[in-house]
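Engineer: Next comes the structure file data_10.cif, holding mmCIF, C-alpha atoms.
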```cif
data_start
#
loop_
_atom_site.label_atom_id
_atom_site.label_comp_id
_atom_site.auth_asym_id
_atom_site.auth_seq_id
_atom_site.Cartn_x
_atom_site.Cartn_y
_atom_site.Cartn_z
CA MET A 1 27.81 -53.22 -45.30
CA PRO A 2 31.47 -53.79 -46.23
CA HIS A 3 34.27 -52.13 -44.36
CA ALA A 4 34.93 -48.53 -45.17
CA PRO A 5 37.65 -48.40 -47.87
CA HIS A 6 40.17 -46.65 -45.62
CA SER A 7 39.77 -49.13 -42.74
CA THR A 8 40.00 -52.06 -45.20
CA ARG A 9 43.30 -50.79 -46.59
CA LEU A 10 44.64 -50.17 -43.09
CA GLU A 11 43.61 -53.65 -41.95
CA ARG A 12 45.25 -55.22 -45.01
CA ARG A 13 48.50 -53.32 -44.44
CA LEU A 14 48.59 -54.29 -40.76
CA GLY A 15 47.85 -57.92 -41.62
CA ASP A 16 50.58 -58.03 -44.28
CA TRP A 17 53.04 -56.45 -41.85
CA ALA A 18 52.23 -58.95 -39.07
CA ARG A 19 52.31 -62.03 -41.31
CA ALA A 20 55.64 -60.99 -42.83
CA ARG A 21 57.33 -60.72 -39.42
CA LEU A 22 55.55 -63.14 -37.09
CA PRO A 23 54.67 -66.83 -37.04
CA TYR A 24 51.16 -67.45 -38.39
CA GLY A 25 49.53 -68.15 -35.03
CA LEU A 26 51.08 -65.10 -33.37
CA ALA A 27 50.18 -62.91 -36.34
CA GLU A 28 46.57 -64.07 -36.07
CA LEU A 29 46.57 -63.27 -32.34
CA VAL A 30 47.98 -59.79 -32.93
CA MET A 31 45.39 -59.08 -35.61
CA PHE A 32 42.62 -60.49 -33.40
CA ILE A 33 43.56 -58.08 -30.60
CA LEU A 34 43.85 -55.11 -32.97
CA LYS A 35 40.50 -55.82 -34.63
CA GLN A 36 38.82 -56.29 -31.26
CA GLY A 37 40.21 -52.92 -30.20
CA TRP A 38 38.90 -51.34 -33.39
CA ALA A 39 35.48 -52.94 -32.85
CA CYS A 40 35.16 -51.48 -29.34
CA LEU A 41 36.38 -48.04 -30.44
CA PHE A 42 33.24 -46.24 -29.21
CA GLY A 43 33.39 -47.77 -25.75
CA GLY A 44 37.15 -47.30 -25.57
CA LEU A 45 36.90 -43.61 -26.40
CA LEU A 46 34.17 -43.18 -23.79
CA LEU A 47 36.31 -44.89 -21.13
CA ILE A 48 39.27 -42.68 -22.02
CA ALA A 49 37.01 -39.63 -21.71
CA ILE A 50 35.79 -40.81 -18.29
CA LEU A 51 39.38 -41.25 -17.07
CA ALA A 52 40.68 -38.04 -18.62
CA THR A 53 37.89 -35.85 -17.29
CA ARG A 54 38.30 -37.34 -13.82
CA LEU A 55 41.98 -36.39 -13.85
CA ILE A 56 41.65 -32.83 -15.16
CA TRP A 57 38.14 -31.59 -14.35
CA SER A 58 37.61 -28.84 -11.85
CA PRO A 59 34.25 -28.16 -10.14
CA GLU A 60 34.90 -24.46 -10.76
CA TRP A 61 34.71 -24.86 -14.54
CA PRO A 62 31.51 -23.56 -16.19
CA VAL A 63 30.68 -26.95 -17.75
CA HIS A 64 29.91 -29.94 -15.54
CA ARG A 65 31.92 -33.11 -16.12
CA TYR A 66 28.79 -35.18 -16.83
CA ASP A 67 27.68 -32.62 -19.42
CA ALA A 68 31.10 -32.70 -21.11
CA LEU A 69 30.87 -36.51 -21.29
CA PHE A 70 27.40 -36.25 -22.84
CA LEU A 71 28.55 -33.77 -25.49
CA PHE A 72 31.63 -35.91 -26.20
CA ALA A 73 29.46 -39.02 -26.66
CA VAL A 74 27.07 -37.21 -29.01
CA ALA A 75 29.99 -35.87 -31.08
CA THR A 76 31.57 -39.33 -31.23
CA GLN A 77 28.32 -40.87 -32.47
CA VAL A 78 28.03 -38.18 -35.18
CA VAL A 79 31.59 -38.89 -36.34
CA PHE A 80 30.92 -42.65 -36.44
CA LEU A 81 27.95 -42.12 -38.76
CA TRP A 82 29.74 -39.48 -40.84
CA LYS A 83 32.80 -41.69 -41.40
CA GLY A 84 30.77 -44.85 -42.03
CA LEU A 85 32.07 -46.63 -38.92
CA GLU A 86 28.43 -47.53 -38.25
CA THR A 87 25.59 -47.85 -40.72
CA TRP A 88 22.34 -45.96 -40.23
CA GLU A 89 20.55 -49.29 -39.88
CA GLU A 90 22.90 -50.31 -37.08
CA ALA A 91 22.54 -46.88 -35.48
CA ARG A 92 18.77 -47.29 -35.26
CA VAL A 93 19.13 -50.58 -33.41
CA ILE A 94 21.87 -49.13 -31.19
CA LEU A 95 19.48 -46.26 -30.41
CA LEU A 96 16.91 -48.83 -29.28
CA PHE A 97 19.45 -50.34 -26.89
CA HIS A 98 20.38 -46.82 -25.79
CA LEU A 99 16.74 -46.12 -24.87
CA THR A 100 16.16 -49.44 -23.11
CA GLY A 101 19.43 -48.94 -21.19
CA THR A 102 18.44 -45.43 -20.14
CA ALA A 103 15.03 -46.68 -18.99
CA MET A 104 16.76 -49.27 -16.82
CA GLU A 105 19.10 -46.58 -15.46
CA TRP A 106 16.14 -44.44 -14.37
CA PHE A 107 14.53 -47.40 -12.62
CA LYS A 108 17.71 -48.66 -10.94
CA VAL A 109 18.80 -45.22 -9.73
CA GLY A 110 15.29 -44.61 -8.42
CA ALA A 111 15.42 -47.97 -6.63
CA GLY A 112 18.74 -47.06 -5.03
CA SER A 113 20.82 -49.72 -6.81
CA TRP A 114 23.46 -47.15 -7.81
CA SER A 115 23.85 -43.40 -8.09
CA TYR A 116 25.59 -40.65 -10.05
CA PRO A 117 26.95 -38.29 -7.40
CA GLU A 118 28.05 -35.35 -9.57
CA PRO A 119 25.86 -32.47 -10.82
CA GLY A 120 24.92 -31.89 -14.45
CA LEU A 121 22.49 -30.00 -16.65
CA PHE A 122 21.96 -33.02 -18.94
CA LYS A 123 20.71 -35.10 -16.03
CA LEU A 124 17.19 -36.44 -15.79
CA TRP A 125 15.71 -38.17 -12.73
CA GLY A 126 19.16 -38.52 -11.25
CA VAL A 127 20.67 -40.08 -14.38
CA PRO A 128 23.15 -38.17 -16.59
CA LEU A 129 22.23 -38.61 -20.24
CA PHE A 130 25.71 -39.79 -21.19
CA SER A 131 24.93 -43.06 -19.37
CA GLY A 132 22.74 -44.23 -22.25
CA PHE A 133 25.80 -44.06 -24.50
CA MET A 134 27.54 -46.59 -22.27
CA TYR A 135 24.86 -49.09 -23.22
CA ALA A 136 24.98 -47.89 -26.83
CA SER A 137 28.73 -48.55 -26.88
CA VAL A 138 28.03 -52.23 -26.16
CA GLY A 139 25.59 -52.35 -29.07
CA SER A 140 28.11 -50.52 -31.25
CA TYR A 141 30.78 -53.09 -30.38
CA MET A 142 28.47 -55.97 -31.23
CA ALA A 143 27.43 -54.53 -34.59
CA ARG A 144 31.00 -53.65 -35.55
CA VAL A 145 32.61 -56.89 -34.39
CA ILE A 146 30.13 -58.95 -36.42
CA ARG A 147 31.13 -57.01 -39.55
CA LEU A 148 34.87 -56.78 -38.86
CA PHE A 149 35.24 -60.51 -38.20
CA ASP A 150 32.65 -61.61 -40.77
CA MET A 151 30.92 -63.56 -38.00
CA ARG A 152 28.40 -66.34 -38.54
CA PHE A 153 26.38 -67.98 -35.76
CA ALA A 154 25.48 -71.64 -36.18
CA PRO A 155 23.51 -73.64 -35.32
CA TYR A 156 21.37 -70.72 -34.15
CA PRO A 157 18.19 -71.31 -32.12
CA PRO A 158 14.80 -70.20 -33.50
CA PHE A 159 14.94 -66.43 -33.65
CA TRP A 160 11.61 -65.92 -31.87
CA LEU A 161 12.89 -67.98 -28.94
CA THR A 162 15.99 -65.78 -28.57
CA VAL A 163 13.77 -62.69 -28.54
CA VAL A 164 11.62 -64.18 -25.75
CA PHE A 165 14.77 -65.05 -23.82
CA ALA A 166 16.16 -61.51 -24.16
CA LEU A 167 12.83 -60.04 -23.05
CA ALA A 168 12.80 -62.33 -20.00
CA ILE A 169 16.27 -61.11 -19.02
CA TYR A 170 15.32 -57.47 -19.45
CA VAL A 171 12.08 -57.82 -17.48
CA ASN A 172 13.90 -59.63 -14.66
CA PHE A 173 16.22 -56.64 -14.19
CA PHE A 174 13.10 -54.76 -13.09
CA ALA A 175 10.92 -57.51 -11.64
CA HIS A 176 13.46 -58.95 -9.19
CA HIS A 177 12.87 -55.88 -7.00
CA PHE A 178 9.31 -57.11 -6.40
CA LEU A 179 9.34 -60.81 -7.33
CA PRO A 180 11.78 -63.72 -6.90
CA ASP A 181 14.98 -63.24 -8.89
CA ILE A 182 15.13 -65.84 -11.69
CA ARG A 183 18.64 -65.06 -12.89
CA VAL A 184 19.88 -68.57 -12.01
CA ALA A 185 17.24 -69.98 -14.35
CA LEU A 186 18.29 -67.40 -16.96
CA PHE A 187 21.94 -68.47 -16.64
CA ALA A 188 20.86 -72.06 -17.23
CA GLY A 189 18.64 -70.94 -20.09
CA SER A 190 21.55 -69.22 -21.83
CA VAL A 191 23.52 -72.47 -21.80
CA LEU A 192 20.58 -74.63 -22.88
CA LEU A 193 19.62 -72.25 -25.66
CA PHE A 194 23.08 -71.44 -27.04
CA ALA A 195 25.30 -74.36 -25.95
CA ARG A 196 25.53 -75.71 -29.50
CA THR A 197 25.91 -72.30 -31.14
CA ARG A 198 29.36 -71.57 -32.47
CA ILE A 199 30.58 -68.13 -33.39
CA TRP A 200 32.47 -68.56 -36.65
CA PHE A 201 34.83 -65.68 -37.34
CA ARG A 202 37.66 -64.84 -39.67
CA ILE A 203 40.78 -62.90 -38.71
CA SER A 204 42.59 -63.11 -42.04
CA ASP A 205 42.27 -66.16 -44.28
CA ARG A 206 41.17 -68.89 -41.88
CA ASP A 207 37.93 -69.63 -40.03
CA TRP A 208 38.00 -69.92 -36.25
CA TRP A 209 35.14 -70.65 -33.87
CA MET A 210 34.19 -70.22 -30.23
CA PRO A 211 31.09 -71.36 -28.27
CA LEU A 212 28.73 -68.41 -27.94
CA PRO A 213 28.31 -68.70 -24.12
CA VAL A 214 32.11 -68.65 -23.71
CA ALA A 215 32.33 -65.48 -25.83
CA ALA A 216 29.55 -63.93 -23.74
CA PHE A 217 31.39 -64.72 -20.50
CA LEU A 218 34.70 -63.30 -21.76
CA SER A 219 32.94 -60.16 -22.98
CA SER A 220 31.13 -59.76 -19.65
CA PHE A 221 34.46 -59.99 -17.83
CA ALA A 222 35.85 -57.20 -20.03
CA LEU A 223 32.78 -55.08 -19.23
CA TRP A 224 33.18 -55.81 -15.52
CA LEU A 225 36.75 -54.49 -15.73
CA ALA A 226 35.50 -51.38 -17.56
CA GLU A 227 32.86 -50.88 -14.89
CA ASN A 228 35.56 -50.90 -12.25
CA ILE A 229 37.13 -47.96 -14.07
CA GLY A 230 33.80 -46.13 -13.88
CA THR A 231 33.41 -46.69 -10.14
CA ALA A 232 37.10 -46.09 -9.38
CA THR A 233 36.73 -42.62 -10.90
CA GLY A 234 33.55 -42.02 -8.90
CA THR A 235 31.56 -41.52 -12.10
CA TRP A 236 28.88 -43.80 -10.64
CA LEU A 237 28.75 -45.81 -7.43
CA TYR A 238 26.74 -48.81 -6.30
CA SER A 239 24.74 -48.68 -3.12
CA GLY A 240 27.15 -48.92 -0.17
CA GLN A 241 30.23 -48.68 -2.41
CA VAL A 242 32.99 -46.10 -2.07
CA ALA A 243 35.19 -44.86 -4.92
CA GLY A 244 38.03 -47.30 -5.57
CA GLN A 245 36.24 -50.34 -4.12
CA VAL A 246 36.11 -53.33 -6.45
CA VAL A 247 32.74 -53.96 -8.07
CA SER A 248 31.03 -57.11 -6.84
CA PHE A 249 31.52 -60.19 -9.01
CA ALA A 250 27.73 -60.51 -9.00
CA LYS A 251 27.73 -57.62 -11.50
CA LEU A 252 29.72 -59.81 -13.87
CA GLY A 253 26.68 -62.09 -14.00
CA SER A 254 24.44 -59.11 -14.67
CA TRP A 255 26.60 -58.07 -17.60
CA TYR A 256 26.66 -61.65 -18.89
CA LEU A 257 22.86 -61.63 -19.08
CA LEU A 258 22.65 -58.08 -20.41
CA LEU A 259 24.99 -59.03 -23.25
CA TYR A 260 22.34 -61.43 -24.54
CA VAL A 261 19.85 -58.58 -24.60
CA SER A 262 22.35 -56.49 -26.57
CA PHE A 263 23.22 -59.33 -28.92
CA VAL A 264 19.63 -60.23 -29.74
CA THR A 265 18.86 -56.54 -30.30
CA VAL A 266 21.76 -56.24 -32.77
CA THR A 267 20.68 -59.40 -34.62
CA LEU A 268 17.59 -57.48 -35.69
CA VAL A 269 19.86 -56.01 -38.40
CA SER A 270 22.35 -58.90 -38.62
CA ARG A 271 19.96 -61.72 -39.44
CA ALA A 272 22.04 -62.85 -42.43
CA ALA A 273 24.78 -63.98 -40.02
CA LEU A 274 22.41 -66.44 -38.31
CA HIS A 275 22.27 -70.03 -39.60
CA ARG A 276 19.88 -72.63 -38.26
CA GLN A 277 22.11 -75.55 -39.28
CA PRO A 278 25.72 -76.24 -38.17
CA LEU A 279 28.46 -74.91 -40.42
CA PRO A 280 31.45 -77.18 -41.10
CA VAL A 281 34.66 -75.31 -41.90
CA THR A 282 34.09 -75.55 -45.64
CA SER A 283 30.53 -74.28 -45.28
CA ALA A 284 31.69 -71.45 -43.02
CA ARG A 285 34.12 -70.34 -45.70
CA ALA A 286 31.46 -70.54 -48.34
CA ALA A 287 29.06 -68.56 -46.19
CA SER A 288 31.62 -65.83 -45.65
CA ALA A 289 32.19 -65.60 -49.39
CA GLN A 290 28.52 -64.98 -50.14
CA VAL A 291 27.45 -61.39 -50.57
CA GLN A 292 23.96 -62.10 -49.23
CA PRO A 293 23.82 -65.33 -47.17
CA ALA A 294 20.46 -67.03 -46.91
CA ARG A 295 18.19 -65.68 -44.19
CA PRO A 296 17.68 -68.08 -41.30
CA ARG A 297 14.46 -69.93 -40.90
CA GLN A 298 12.42 -68.75 -37.95
#
```
Please express the file's structure as C-alpha cells.
Structural biologist:
Amino acid sequence: MPHAPHSTRLERRLGDWARARLPYGLAELVMFILKQGWACLFGGLLLIAILATRLIWSPEWPVHRYDALFLFAVATQVVFLWKGLETWEEARVILLFHLTGTAMEWFKVGAGSWSYPEPGLFKLWGVPLFSGFMYASVGSYMARVIRLFDMRFAPYPPFWLTVVFALAIYVNFFAHHFLPDIRVALFAGSVLLFARTRIWFRISDRDWWMPLPVAAFLSSFALWLAENIGTATGTWLYSGQVAGQVVSFAKLGSWYLLLYVSFVTVTLVSRAALHRQPLPVTSARAASAQVQPARPRQ
C-alpha cells in the first residue's frame, strides 16, 4: 500500500526543505532519523504514555494506570487504522504477534521471570492487557518501516527456513525453563541464515543497504533502551530487579532473537520485498520502481 497522501506530501516537503539547506549526506541522515521516528510512532506514543502516566497518576484516581494504558493503546490502534497509517492486512499480522507476545507474557510472569506490580481491571493472570500492545508496536514498526523506506531484502533465504528459525526462537523462550537453552545456537543461526542478506532501503533518491543482522542488533539495542524506560518507571520489573536498576544486557540478546520472530511474522504480508537473488544497485532501483515486484521463490 502506498503512503497515505498527507504523509507523502509532508515527507516530500521535509525532504525538499532539508536538501535545500543541508549537504546531501547530512540531509539524508536527517530524513533517515525523521522517517525512523515516524515508523516507530506507535511504540513512541506508548512509551510517552508510560512515562506521562508514571509522572501524573495517583492511586486514588478511579481508573488504574494499567487500564488507562490499555485504553490508550486500543484508541491509538483504532486511529492508525482509521487514518491509514496501517493497512488491515498488516493489522491482522500485527494482531498475531500481539497474541503470541501476550501468550509469552502469561508464561513468563507465571514462571517468575518478571512481574507487573500495579493493580488493574484489564489484567489477566497477572499480565495487564496493554502489554500485548508493546509487542504489537514492534510489529507495527516493522510493517511501517518496510513501506516508508521501500525496503527490499536480498539475497533472502528460503522462506520456509526463516519460518522454522522463527518458530525455534519462539519455542526456546518457553522451553529453556525445562530444557537446555539453545540461544547461543540461535545467535549463530541468525548469522548463518542472514549473513548475506542486505536490507536495501531508500531515503530519498538513492539506494542504501545494511546487513540484516546488523540492523537487527541496532534495533534490539533501541528496544533495550526502551525497556529500561519501562522498568525505570516501575511499569514492569524483572525478578530481583528494583525500579531504576539497569536491565541486564542479556535482555538485549533476547530482543535480538525476538526481532527475528517479529520480522518473519511481518513478512507474511510483505513477501514482495523478499528477493532470493542479490540485488545490485541498478536492480534495487528497478525493484523499487515496480508496482508489484516478483514474489520470491520458496
Engineer: Apply the PyMOL selection byres ((chain A and resi 49-61) around 8) to the displayed file and report the matching residues as number ranges by chain.
Structural biologist: A: 45-48, 62-65, 69, 72, 229-230, 233, 235
Engineer: Quick check on the file I pasted: which residues fall under the PyMOL selection byres ((chain A and resi 203) around 8)? Write them as a JSON list (two decimals) with C-alpha atoms, in the coordinates of the input.
Structural biologist:
```
[["chain", "number", "residue", "atom", "x", "y", "z"],
["A", 28, "GLU", "CA", 46.57, -64.07, -36.07],
["A", 31, "MET", "CA", 45.39, -59.08, -35.61],
["A", 32, "PHE", "CA", 42.62, -60.49, -33.40],
["A", 149, "PHE", "CA", 35.24, -60.51, -38.20],
["A", 201, "PHE", "CA", 34.83, -65.68, -37.34],
["A", 202, "ARG", "CA", 37.66, -64.84, -39.67],
["A", 204, "SER", "CA", 42.59, -63.11, -42.04],
["A", 205, "ASP", "CA", 42.27, -66.16, -44.28],
["A", 206, "ARG", "CA", 41.17, -68.89, -41.88],
["A", 207, "ASP", "CA", 37.93, -69.63, -40.03],
["A", 208, "TRP", "CA", 38.00, -69.92, -36.25]]
```
Engineer: As an exercise, work out the distance from atom CA of Asn228 of chain A to atom CA of Phe97 of chain A in Å and give it to one decimal place.
Structural biologist: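 Atom CA of Asn228 of chain A sits 21.8 Å away from atom CA of Phe97 of chain A.
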Engineer: With distances taken over all atoms listed in the file, which residue among A:Val163, A:Ala154, A:Ala168, A:Arg276 lies nearest Met210 of chain A?
Structural biologist: A:Ala154
Engineer: Nearest to Ala175 of chain A among A:Tyr24, A:Phe107, A:Phe70, A:Trp255, with distances taken over all atoms listed in the file: which residue is it?
Structural biologist: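 Among the listed residues, A:Phe107 lies closest to Ala175 of chain A.
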